[in-house]
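Inspection log for the structure reproduced underneath, given as structure tokens.
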Amino acid sequence: MPLSTTERAVRLKHLLAQVAPDNKLENIVPPPVGKTEGLQGPFESMDPGAAIDRGLEKLQSNREDSASEPEVRALEAIVMPKYRPVVFVRGSSYEDVDSPWTDVLNPAVVKKQISALFPAIGRIELPGSFSAPYAGTGFVVGNGLLMTNRHVAQLFTTGLGTQVRYRAGGSAIDFKRQVDTPDDDRSEYLKIVSVLMIHPYWDMALLKFEAPPEIRPLQLSTASPDTLLGRNVVVVGYPAPDPRNDIALQDQIFHNQFYVKRLQPGKLRPRASVQSFDYEVSALTHDCSTLGGNSGSCVIDVTTCKVVALHFAGEYLKANYSVPMWELARDKRLEDLINFDGVVEHTNDWDAAWQAAERGERAQQPAPPPRPAIAQSPVIQSAVSAPGPQAGGSFSICAPTANFTIPVYLSISIGQPSLGAQPAGVAAPAAAEVEKVVVDQDYSDRPGYDPEFLDTVVVPLPKILPEMEKITARVHEDARRNGDPYELAYYHYSVYMNSARRTAWFSAANVDGKQRPGIGAREGDRWYADTRIVASAQLTQAAFEHGIDRGHLTRRDDTAWGSTVDEAVLANNDTFHFTNCSLQVSGFNRGKDRWQGLEQFLLEQHAKKDKRRMIVITGPVFADDDPPYQNDKMKYTVQFPLKFWKVCVLVREYGSPSATGFLLGQPDAKTLPGVEAFDVGASQMTIADLQDLTKLDFGDLKNYDHFAQGGAAGTIEGLVESTIAGQMFRRIRAGTDIVV
């Protein structure tokens with residue numbers, strides 16, 4: 001859940017005390033008159049300059065609980081960028097930085113030393129990926145070697161340790177992607193040829209690339225973290241917007257320009273424990289303003305120009321987390337591979353993790369490495385409850401991101417930490433909600449999907465390929481319906497589960513628009529794991545956080561029908577199974593005009609009026625380059641689907657069957673860390689093309705696809721607006737655009 005205004009004020013107070021001159025709030029200097037005129041919009045009638053003054057006064061007098069939303073937003077939007085700014089890298093240097101960083105970063109000698117490192121820092125690309133064209137940041141650390149985050153490398157690899165399989169051609173690096181770089185400039189675009197290793201403990205990976213001799217590796221510091229506290233540092237990387245946080249604020253601070261090389265100054269802070277994949281690690285924190293896309297960025301000591309850490313995550317207004325180079329230098333497996341500035345004593349702290357990785361197993365949490373006997377900063381000590389760290393970065397002037405293993409990290413701590421995990425399989429409702437969803441988990445009476453529901457045409461469940469069967473969850477033998485080893489039958493719908501992705505291959509539902517007894521408004525959610533298949537084949541409540549919804553595949557409104565209220569309620573409640581949900585960005589899941597409106601329009605406008613029935617089959621598009629996702633509550637990683645498909649089958653008024661196919665990309669996923677704009681909107685697509693895309697066999701449905709046949713409106717050339725990889729699309733802006 002999002003932070004309240006008071007919680008944000010408390011965190012801002014701690015943060016501002018940390019970044020203020022002499023660590024005193026009274027030394028915070030508001031922007032000069034005339035520098036706030038662009039901020040009128042978010043603050044309604046209140047003058048932003050006055051909002052800053054009032055907000056500071058309340059924090060200084062310990063009245064955080066009385067700070068208003070405009071006052072908190074004003075402090076976030078103006079004071080934070082002043083003390084932890086972001087500037088563009090342009091050409092061979094970077095833009096001047098305003099006070100208080102002027103004397104630190106603007107002298108010519110400092111600019112020359114830091115700028116000399118830029119040619120070795122690039123944006124990791126995903127060639128051929130339509131939905132996620134780039135993944136994060138990487139930097140050169142050895143002869144033909146790049147360092148980045150494990151969660152970035154997992155976008156194009158499988159495996160751990162040195163047992164890693166690289167998807168050939170799955171990634172590249174562009175060292176020249178700056179704000180003033182032409183889109184077609186590929187002069188410093190180089191292929192990644194393999195993955196040398198993915199560290200099983202730290203969020204780090206080493207990639208091999210086609211390295212020209214003129215790119216010199218950065219030097220990695222072996223200084224102990226306890227000797228670095230308070231050092232001025234810069235993060236250099238490629239910030240991307242983060243949909244889980246305030247997009248307007250991000251646009252304001254980053255001037256609505258993302259995905260290009262930036263320099264982001266700040267200071268090193270004490271170490272802090274944070275969950276990273278299977279382990280709780282002792283990360284080095286910093287307070288630079290990072291965003292999604294900063295995943296894999298180097299943290300550079302301004303004085304020595306050496307890399308002191310690898311950025312990987314952050315929490316809003318709290319801290320950004322990074323892997324200390326000192327820790328990596330202690331791993332004997334890395335000593336001769338990368339450009340450390342010295343040698344330190346090796347450790348066996350991570351041997352169990354390495355050995356488990358080589359065996360393809362999970363290791364136990366090793367004993368934590370030595371930590372400096374230094375008090376943590378107020379920012380880290382803050383007891384404010386909020387969602388957990390977000391991978392890559394968090395939008396909060398000092399925050400990496402949660403292990404949202406999607407390349408995305410907004411270190412301007414906008415990332416929000418996750419709440420404590422709930423019991424597996426059950427989602428706890430918000431405190432203000434009333435639990436009304438009750439499911440009887442004796443599934444013996446579930447009729448499941450009816451293929452003969454439409455009377456005049458039989459629509460069997462889609463068939464899966466033999467290779468798909470290998471990763472399809474098998475229903476316990478005593479719970480199978482009609483002997484089908486894969487069908488999970490519910491009231492009015494059925495599901496086949498992709499156990500590798502913990503999400504359904506498809507969910508198929510029978511929809512009856514005539515039998516709609518009133519069941520009342522939705523009052524609170526409770527989600528259930530299905531006991532007929534193994535728990536590891538399903539998502540759990542831990543996967544869902546602020547901004548990431550449990551998105552129904554089969555809508556509850558579709559199944560909430562029956563001859564009695566009780567029947568409709570049972571069917572409604574049955575949709576609240578984790579087997580019937582997918583990870584979805586909130587704006588997509590709640591967009592009534594995008595996904596949900598399609599089938600409602602078809603049912604009301606085109607289904608035969610005497611029965612008004614329809615079959616809806618829906619599911620995610622499982623792409624190899626879907627970004628991995630893991631937040632701080634999860635003990636597993638799962639790829640985040642960026643596109644969904646839907647097939648609607650009905651009998652038209654004059655008795656002829658019609659099958660329509662649709663594809664939709666999560667429009668708000670374009671702001672996920674590392675995911676550039678992908679918004680085809682709702683598009684009609686042929687059943688045949690959907691079959692190729694999903695690898696599911698839809699049987700005879702393509703024979704009833706009037707879009708593929710040209711439709712009543714004219715030739716197919718007149719209907720198709722675009723083709724991608726030979727597939728036909730028709731943009732659906734209104735119901736009348738659909739060819740039925």
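Order determines the names: the first chain of the structure tokens is A, the second B, and so forth; residues in each chain are numbered 1 upward, and ligands are numbered 1 upward as they are shown.
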
Residues near Asn580 of chain A, cut-off 6 Å, only C-alpha atoms, skip fewer than 3 positions along chain, as number ranges by chain: A: 552-553, 577

With N, CA and C atoms kept, could you save the residues just selected as a compact mmCIF listing (two decimals), in the first residue's frame?
# COMPACT_ATOMS: atom_id res chain seq x y z
N HIS A 552 -7.41 -10.59 -12.38
CA HIS A 552 -8.23 -11.72 -12.82
C HIS A 552 -7.96 -12.02 -14.30
N LEU A 553 -7.84 -13.28 -14.63
CA LEU A 553 -7.85 -13.68 -16.03
C LEU A 553 -9.31 -13.81 -16.46
N HIS A 577 -9.05 -17.38 -7.06
CA HIS A 577 -7.99 -18.36 -6.89
C HIS A 577 -6.71 -17.81 -7.55

Counting only C-alpha atoms, which residues in segment 491-604 of chain A sit no more than 12 Å from segment 687-709 of chain A? For each one, give the nearest pair of atoms and the distance in Å, sorted by chain then residue number, as CSV.
residue,atom,partner,partner_atom,distance
A:Tyr496,CA,A:Leu696,CA,11.3
A:Ala504,CA,A:Thr694,CA,12.0
A:Trp505,CA,A:Leu696,CA,8.5
A:Phe506,CA,A:Leu696,CA,9.1
A:Ala508,CA,A:Phe698,CA,11.6

query: Gln275 of chain A: which residues within 8 Å, counting only C-alpha atoms, same-chain residues fewer than 5 positions away excluded, as a VMD selection string?
result: chain A and resid 280 to 281 632 to 633

Could those residues be written to a file, using N, CA and C atoms, as a short mmCIF file (atom, residue, chain, number, x, y, z; two decimals), in the first residue's frame?
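Just written: result.cif:
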data_model
loop_
_atom_site.label_atom_id
_atom_site.label_comp_id
_atom_site.auth_asym_id
_atom_site.auth_seq_id
_atom_site.Cartn_x
_atom_site.Cartn_y
_atom_site.Cartn_z
N GLU A 280 19.37 -12.64 2.71
CA GLU A 280 19.41 -11.31 3.30
C GLU A 280 20.85 -10.86 3.28
N VAL A 281 21.14 -9.83 2.50
CA VAL A 281 22.52 -9.41 2.28
C VAL A 281 22.81 -8.11 3.01
N ASP A 632 10.73 -8.05 -2.23
CA ASP A 632 11.48 -8.47 -1.04
C ASP A 632 10.76 -9.51 -0.19
N LYS A 633 9.48 -9.79 -0.50
CA LYS A 633 8.74 -10.80 0.27
C LYS A 633 8.81 -12.17 -0.38
#

Near-Arg555 of chain A list (10 Å; only C-alpha atoms; drop same-chain fewer than 3 positions) as a PDB file with C-alpha atoms, in the first residue's frame:
ATOM      1  CA  SER A 507      -8.566 -19.591 -18.395  1.00  0.00           C
ATOM      2  CA  ALA A 509     -15.163 -19.360 -19.165  1.00  0.00           C
ATOM      3  CA  VAL A 511     -20.638 -16.389 -19.863  1.00  0.00           C
ATOM      4  CA  GLY A 551      -5.321  -9.358 -12.132  1.00  0.00           C
ATOM      5  CA  HIS A 552      -8.229 -11.715 -12.820  1.00  0.00           C
ATOM      6  CA  ASP A 558     -18.218 -13.241 -16.407  1.00  0.00           C
ATOM      7  CA  THR A 559     -18.897 -16.183 -14.123  1.00  0.00           C
ATOM      8  CA  ALA A 560     -21.261 -14.486 -11.634  1.00  0.00           C
ATOM      9  CA  ASN A 572     -18.159 -15.184  -8.366  1.00  0.00           C
ATOM     10  CA  THR A 575     -12.619 -16.624  -9.499  1.00  0.00           C
ATOM     11  CA  PHE A 576     -10.563 -15.604  -6.449  1.00  0.00           C
ATOM     12  CA  ASN A 580      -6.924 -17.373 -12.098  1.00  0.00           C
ATOM     13  CA  CYS A 581      -4.706 -14.332 -11.666  1.00  0.00           C
ATOM     14  CA  GLN A 596     -13.017  -5.615 -19.732  1.00  0.00           C
ATOM     15  CA  VAL A 616     -14.197 -16.201 -23.311  1.00  0.00           C
ATOM     16  CA  THR A 618      -7.879 -15.623 -22.092  1.00  0.00           C
TER      17      THR A 618
END

field: Per-residue DSSP, segment 451-672 of chain A, filtered to strand (DSSP E), as JSON, numbers by chain
entry: {"A": [488, 489, 493, 494, 495, 496, 497, 498, 503, 504, 505, 506, 507, 508, 509, 510, 511, 512, 548, 549, 550, 551, 552, 581, 582, 583, 584, 585, 613, 614, 615, 616, 617, 618, 619, 620, 628, 629, 638, 639, 643, 644, 645, 646, 647, 648, 649, 650, 651, 657, 658, 659, 660, 661, 662, 663, 664, 665]}

message: Calculated over only C-alpha atoms, which of the candidates A:Leu15, A:Ala120, A:Leu310, A:Val565 has the smallest distance to Gln515 of chain A?
response: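 Of A:Leu15, A:Ala120, A:Leu310, A:Val565, the one nearest Gln515 of chain A is A:Val565, counting only C-alpha atoms.
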
field: Who sits within 7 Å of Ala51 of chain A, only C-alpha atoms, same chain under 6 positions skipped, as a ChimeraX atom specification
entry: /A:70-71,74

Selected residues written out with all heavy atoms, as a compact mmCIF listing (two decimals), in the first residue's frame:
# COMPACT_ATOMS: atom_id res chain seq x y z
N PRO A 70 0.11 18.90 -0.25
CA PRO A 70 0.85 19.86 -1.07
C PRO A 70 2.22 20.20 -0.50
O PRO A 70 3.18 20.40 -1.24
CB PRO A 70 -0.07 21.09 -1.10
CG PRO A 70 -1.43 20.53 -0.86
CD PRO A 70 -1.22 19.41 0.11
N GLU A 71 2.32 20.30 0.84
CA GLU A 71 3.61 20.63 1.46
C GLU A 71 4.62 19.50 1.28
O GLU A 71 5.79 19.74 0.96
CB GLU A 71 3.39 20.93 2.94
CG GLU A 71 2.62 22.23 3.20
CD GLU A 71 2.04 22.33 4.59
OE1 GLU A 71 2.11 21.34 5.36
OE2 GLU A 71 1.50 23.40 4.92
N ALA A 74 5.67 19.38 -2.35
CA ALA A 74 6.57 20.48 -2.68
C ALA A 74 7.99 20.17 -2.24
O ALA A 74 8.96 20.42 -2.96
CB ALA A 74 6.07 21.77 -2.03

message: Would you compute the distance between atom CA of Phe453 of chain A and atom CA of Ile615 of chain A? Give it in Å to one decimal.
response: 7.8 Å

query: If we count only C-alpha atoms, what is near segment 263-267 of chain A at a cut-off of 6 Å, once residues fewer than 5 positions away on the same chain are taken out, given as a list in words?
result: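 Within the cut-off, the hits are Arg84, Val86, Val87, Gly230, Arg231, Asn232, Val233, Val234, Val235, Val236, His286, Asp287 and Cys288 of chain A.
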
Keeping all heavy atoms, export the residues of the selection given above as an mmCIF file, in the first residue's frame.
data_model
loop_
_atom_site.group_PDB
_atom_site.id
_atom_site.type_symbol
_atom_site.label_atom_id
_atom_site.label_comp_id
_atom_site.auth_asym_id
_atom_site.auth_seq_id
_atom_site.Cartn_x
_atom_site.Cartn_y
_atom_site.Cartn_z
ATOM 1 N N ARG A 84 19.914 16.244 -4.214
ATOM 2 C CA ARG A 84 20.325 15.017 -4.903
ATOM 3 C C ARG A 84 19.831 15.084 -6.340
ATOM 4 O O ARG A 84 18.908 14.399 -6.744
ATOM 5 C CB ARG A 84 19.756 13.777 -4.182
ATOM 6 C CG ARG A 84 20.353 13.546 -2.795
ATOM 7 C CD ARG A 84 21.853 13.271 -2.859
ATOM 8 N NE ARG A 84 22.426 13.031 -1.546
ATOM 9 C CZ ARG A 84 22.946 13.957 -0.745
ATOM 10 N NH1 ARG A 84 22.945 15.234 -1.126
ATOM 11 N NH2 ARG A 84 23.459 13.629 0.421
ATOM 12 N N VAL A 86 19.840 15.214 -10.698
ATOM 13 C CA VAL A 86 20.229 14.341 -11.806
ATOM 14 C C VAL A 86 20.545 15.239 -12.997
ATOM 15 O O VAL A 86 19.840 16.211 -13.247
ATOM 16 C CB VAL A 86 19.115 13.344 -12.175
ATOM 17 C CG1 VAL A 86 18.876 12.372 -11.043
ATOM 18 C CG2 VAL A 86 17.814 14.051 -12.519
ATOM 19 N N VAL A 87 21.632 14.927 -13.703
ATOM 20 C CA VAL A 87 22.003 15.740 -14.866
ATOM 21 C C VAL A 87 22.314 14.832 -16.046
ATOM 22 O O VAL A 87 22.671 13.660 -15.881
ATOM 23 C CB VAL A 87 23.211 16.657 -14.579
ATOM 24 C CG1 VAL A 87 22.879 17.661 -13.488
ATOM 25 C CG2 VAL A 87 24.450 15.846 -14.198
ATOM 26 N N GLY A 230 30.132 8.493 4.000
ATOM 27 C CA GLY A 230 30.118 9.932 3.811
ATOM 28 C C GLY A 230 30.813 10.399 2.557
ATOM 29 O O GLY A 230 30.790 11.600 2.243
ATOM 30 N N ARG A 231 31.432 9.488 1.800
ATOM 31 C CA ARG A 231 32.127 9.887 0.571
ATOM 32 C C ARG A 231 31.128 10.410 -0.461
ATOM 33 O O ARG A 231 30.016 9.902 -0.596
ATOM 34 C CB ARG A 231 32.866 8.698 -0.040
ATOM 35 C CG ARG A 231 34.061 8.200 0.742
ATOM 36 C CD ARG A 231 35.282 9.117 0.606
ATOM 37 N NE ARG A 231 36.459 8.505 1.187
ATOM 38 C CZ ARG A 231 37.357 7.788 0.519
ATOM 39 N NH1 ARG A 231 37.208 7.596 -0.770
ATOM 40 N NH2 ARG A 231 38.399 7.268 1.140
ATOM 41 N N ASN A 232 31.551 11.412 -1.219
ATOM 42 C CA ASN A 232 30.769 11.865 -2.362
ATOM 43 C C ASN A 232 30.892 10.833 -3.475
ATOM 44 O O ASN A 232 31.998 10.405 -3.821
ATOM 45 C CB ASN A 232 31.268 13.218 -2.866
ATOM 46 C CG ASN A 232 30.998 14.341 -1.889
ATOM 47 O OD1 ASN A 232 29.951 14.388 -1.255
ATOM 48 N ND2 ASN A 232 31.947 15.276 -1.761
ATOM 49 N N VAL A 233 29.757 10.436 -4.027
ATOM 50 C CA VAL A 233 29.754 9.457 -5.109
ATOM 51 C C VAL A 233 28.826 9.936 -6.215
ATOM 52 O O VAL A 233 27.998 10.835 -6.013
ATOM 53 C CB VAL A 233 29.290 8.064 -4.623
ATOM 54 C CG1 VAL A 233 30.290 7.468 -3.652
ATOM 55 C CG2 VAL A 233 27.900 8.117 -4.019
ATOM 56 N N VAL A 234 28.977 9.329 -7.385
ATOM 57 C CA VAL A 234 28.010 9.535 -8.468
ATOM 58 C C VAL A 234 27.592 8.165 -8.986
ATOM 59 O O VAL A 234 28.411 7.246 -9.076
ATOM 60 C CB VAL A 234 28.575 10.389 -9.629
ATOM 61 C CG1 VAL A 234 28.778 11.822 -9.183
ATOM 62 C CG2 VAL A 234 29.868 9.804 -10.179
ATOM 63 N N VAL A 235 26.322 8.046 -9.282
ATOM 64 C CA VAL A 235 25.811 6.884 -9.998
ATOM 65 C C VAL A 235 25.677 7.297 -11.457
ATOM 66 O O VAL A 235 25.147 8.371 -11.753
ATOM 67 C CB VAL A 235 24.447 6.434 -9.440
ATOM 68 C CG1 VAL A 235 23.764 5.453 -10.381
ATOM 69 C CG2 VAL A 235 24.624 5.807 -8.065
ATOM 70 N N VAL A 236 26.172 6.468 -12.355
ATOM 71 C CA VAL A 236 26.043 6.742 -13.784
ATOM 72 C C VAL A 236 25.257 5.590 -14.404
ATOM 73 O O VAL A 236 25.659 4.427 -14.290
ATOM 74 C CB VAL A 236 27.411 6.896 -14.470
ATOM 75 C CG1 VAL A 236 27.227 7.195 -15.957
ATOM 76 C CG2 VAL A 236 28.223 7.998 -13.805
ATOM 77 N N HIS A 286 23.432 4.134 -0.453
ATOM 78 C CA HIS A 286 23.776 5.478 -0.937
ATOM 79 C C HIS A 286 22.485 6.250 -1.111
ATOM 80 O O HIS A 286 21.391 5.680 -1.066
ATOM 81 C CB HIS A 286 24.573 5.405 -2.246
ATOM 82 C CG HIS A 286 23.786 4.889 -3.414
ATOM 83 N ND1 HIS A 286 22.993 5.694 -4.201
ATOM 84 C CD2 HIS A 286 23.654 3.634 -3.929
ATOM 85 C CE1 HIS A 286 22.429 4.975 -5.153
ATOM 86 N NE2 HIS A 286 22.800 3.718 -5.014
ATOM 87 N N ASP A 287 22.570 7.556 -1.309
ATOM 88 C CA ASP A 287 21.355 8.358 -1.394
ATOM 89 C C ASP A 287 21.259 9.147 -2.697
ATOM 90 O O ASP A 287 20.652 10.215 -2.760
ATOM 91 C CB ASP A 287 21.217 9.294 -0.186
ATOM 92 C CG ASP A 287 22.399 10.245 -0.019
ATOM 93 O OD1 ASP A 287 23.163 10.433 -0.989
ATOM 94 O OD2 ASP A 287 22.549 10.807 1.081
ATOM 95 N N CYS A 288 21.856 8.618 -3.757
ATOM 96 C CA CYS A 288 21.683 9.234 -5.074
ATOM 97 C C CYS A 288 20.245 9.036 -5.536
ATOM 98 O O CYS A 288 19.556 8.115 -5.101
ATOM 99 C CB CYS A 288 22.634 8.610 -6.088
ATOM 100 S SG CYS A 288 24.375 8.657 -5.610
#

query: Per DSSP on the backbone, what are the helix (DSSP H, G or I) residues of segment 62-208 of chain A, as number ranges by chain?
result: A: 64-66, 69-83, 102-105, 108-115, 118-120, 150-153

query: For Arg502 of chain A, which of A:Ser295, A:Thr540, A:Val109, A:Val10 is the closest residue, counting only C-alpha atoms?
result: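 When distances to Arg502 of chain A are compared using only C-alpha atoms, the smallest one comes from A:Thr540.
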
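Nearest residue to Lys208 of chain A, choosing from A:Val458, A:Thr564, A:Val302, A:Ser194 and counting only C-alpha atoms: A:Ser194.
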
Would you list the contacts of Asn498 of chain A as an mmCIF file with N, CA, C and O atoms, in the first residue's frame, taking every protein, DNA or RNA residue within 9 Å and counting only C-alpha atoms, but skipping same-chain residues closer than 6 positions in sequence?
data_model
loop_
_atom_site.group_PDB
_atom_site.id
_atom_site.type_symbol
_atom_site.label_atom_id
_atom_site.label_comp_id
_atom_site.auth_asym_id
_atom_site.auth_seq_id
_atom_site.Cartn_x
_atom_site.Cartn_y
_atom_site.Cartn_z
ATOM 1 N N MET A 468 4.781 -28.392 -24.009
ATOM 2 C CA MET A 468 4.130 -27.577 -22.990
ATOM 3 C C MET A 468 3.612 -28.441 -21.845
ATOM 4 O O MET A 468 3.545 -27.994 -20.698
ATOM 5 N N GLU A 469 3.249 -29.676 -22.155
ATOM 6 C CA GLU A 469 2.756 -30.572 -21.116
ATOM 7 C C GLU A 469 3.796 -30.789 -20.016
ATOM 8 O O GLU A 469 3.456 -30.973 -18.852
ATOM 9 N N ILE A 471 5.680 -28.769 -18.594
ATOM 10 C CA ILE A 471 5.693 -27.724 -17.555
ATOM 11 C C ILE A 471 4.269 -27.315 -17.179
ATOM 12 O O ILE A 471 4.043 -26.206 -16.674
ATOM 13 N N THR A 472 3.315 -28.190 -17.438
ATOM 14 C CA THR A 472 1.929 -27.921 -17.055
ATOM 15 C C THR A 472 1.626 -28.650 -15.747
ATOM 16 O O THR A 472 1.935 -29.842 -15.605
ATOM 17 N N ALA A 473 1.048 -27.931 -14.798
ATOM 18 C CA ALA A 473 0.756 -28.519 -13.486
ATOM 19 C C ALA A 473 -0.235 -29.672 -13.634
ATOM 20 O O ALA A 473 -1.276 -29.528 -14.289
ATOM 21 N N ALA A 504 -1.617 -19.198 -15.456
ATOM 22 C CA ALA A 504 -2.349 -20.089 -16.353
ATOM 23 C C ALA A 504 -1.915 -19.935 -17.804
ATOM 24 O O ALA A 504 -1.684 -18.819 -18.286
ATOM 25 N N TRP A 505 -1.828 -21.074 -18.495
ATOM 26 C CA TRP A 505 -1.713 -21.023 -19.956
ATOM 27 C C TRP A 505 -2.944 -20.307 -20.500
ATOM 28 O O TRP A 505 -2.861 -19.479 -21.394
ATOM 29 N N PHE A 506 -4.092 -20.692 -19.946
ATOM 30 C CA PHE A 506 -5.347 -20.057 -20.336
ATOM 31 C C PHE A 506 -6.388 -20.291 -19.245
ATOM 32 O O PHE A 506 -6.277 -21.216 -18.437
ATOM 33 N N ALA A 537 3.430 -24.278 -8.202
ATOM 34 C CA ALA A 537 2.952 -23.986 -9.553
ATOM 35 C C ALA A 537 2.049 -22.763 -9.585
ATOM 36 O O ALA A 537 1.516 -22.417 -10.636
ATOM 37 N N GLN A 538 1.867 -22.088 -8.439
ATOM 38 C CA GLN A 538 0.934 -20.967 -8.339
ATOM 39 C C GLN A 538 1.638 -19.743 -7.768
ATOM 40 O O GLN A 538 2.595 -19.870 -7.007
#

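Closest to Tyr490 of chain A among A:Asn510, A:Gln639, A:Thr503, A:Thr303 is A:Asn510, based on only C-alpha atoms.
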
statement: Min atom-atom distance to Glu210 of chain A from the set A:Leu663, A:Ala223, A:Val638, A:Leu146, counting only C-alpha atoms, belongs to A:Leu146
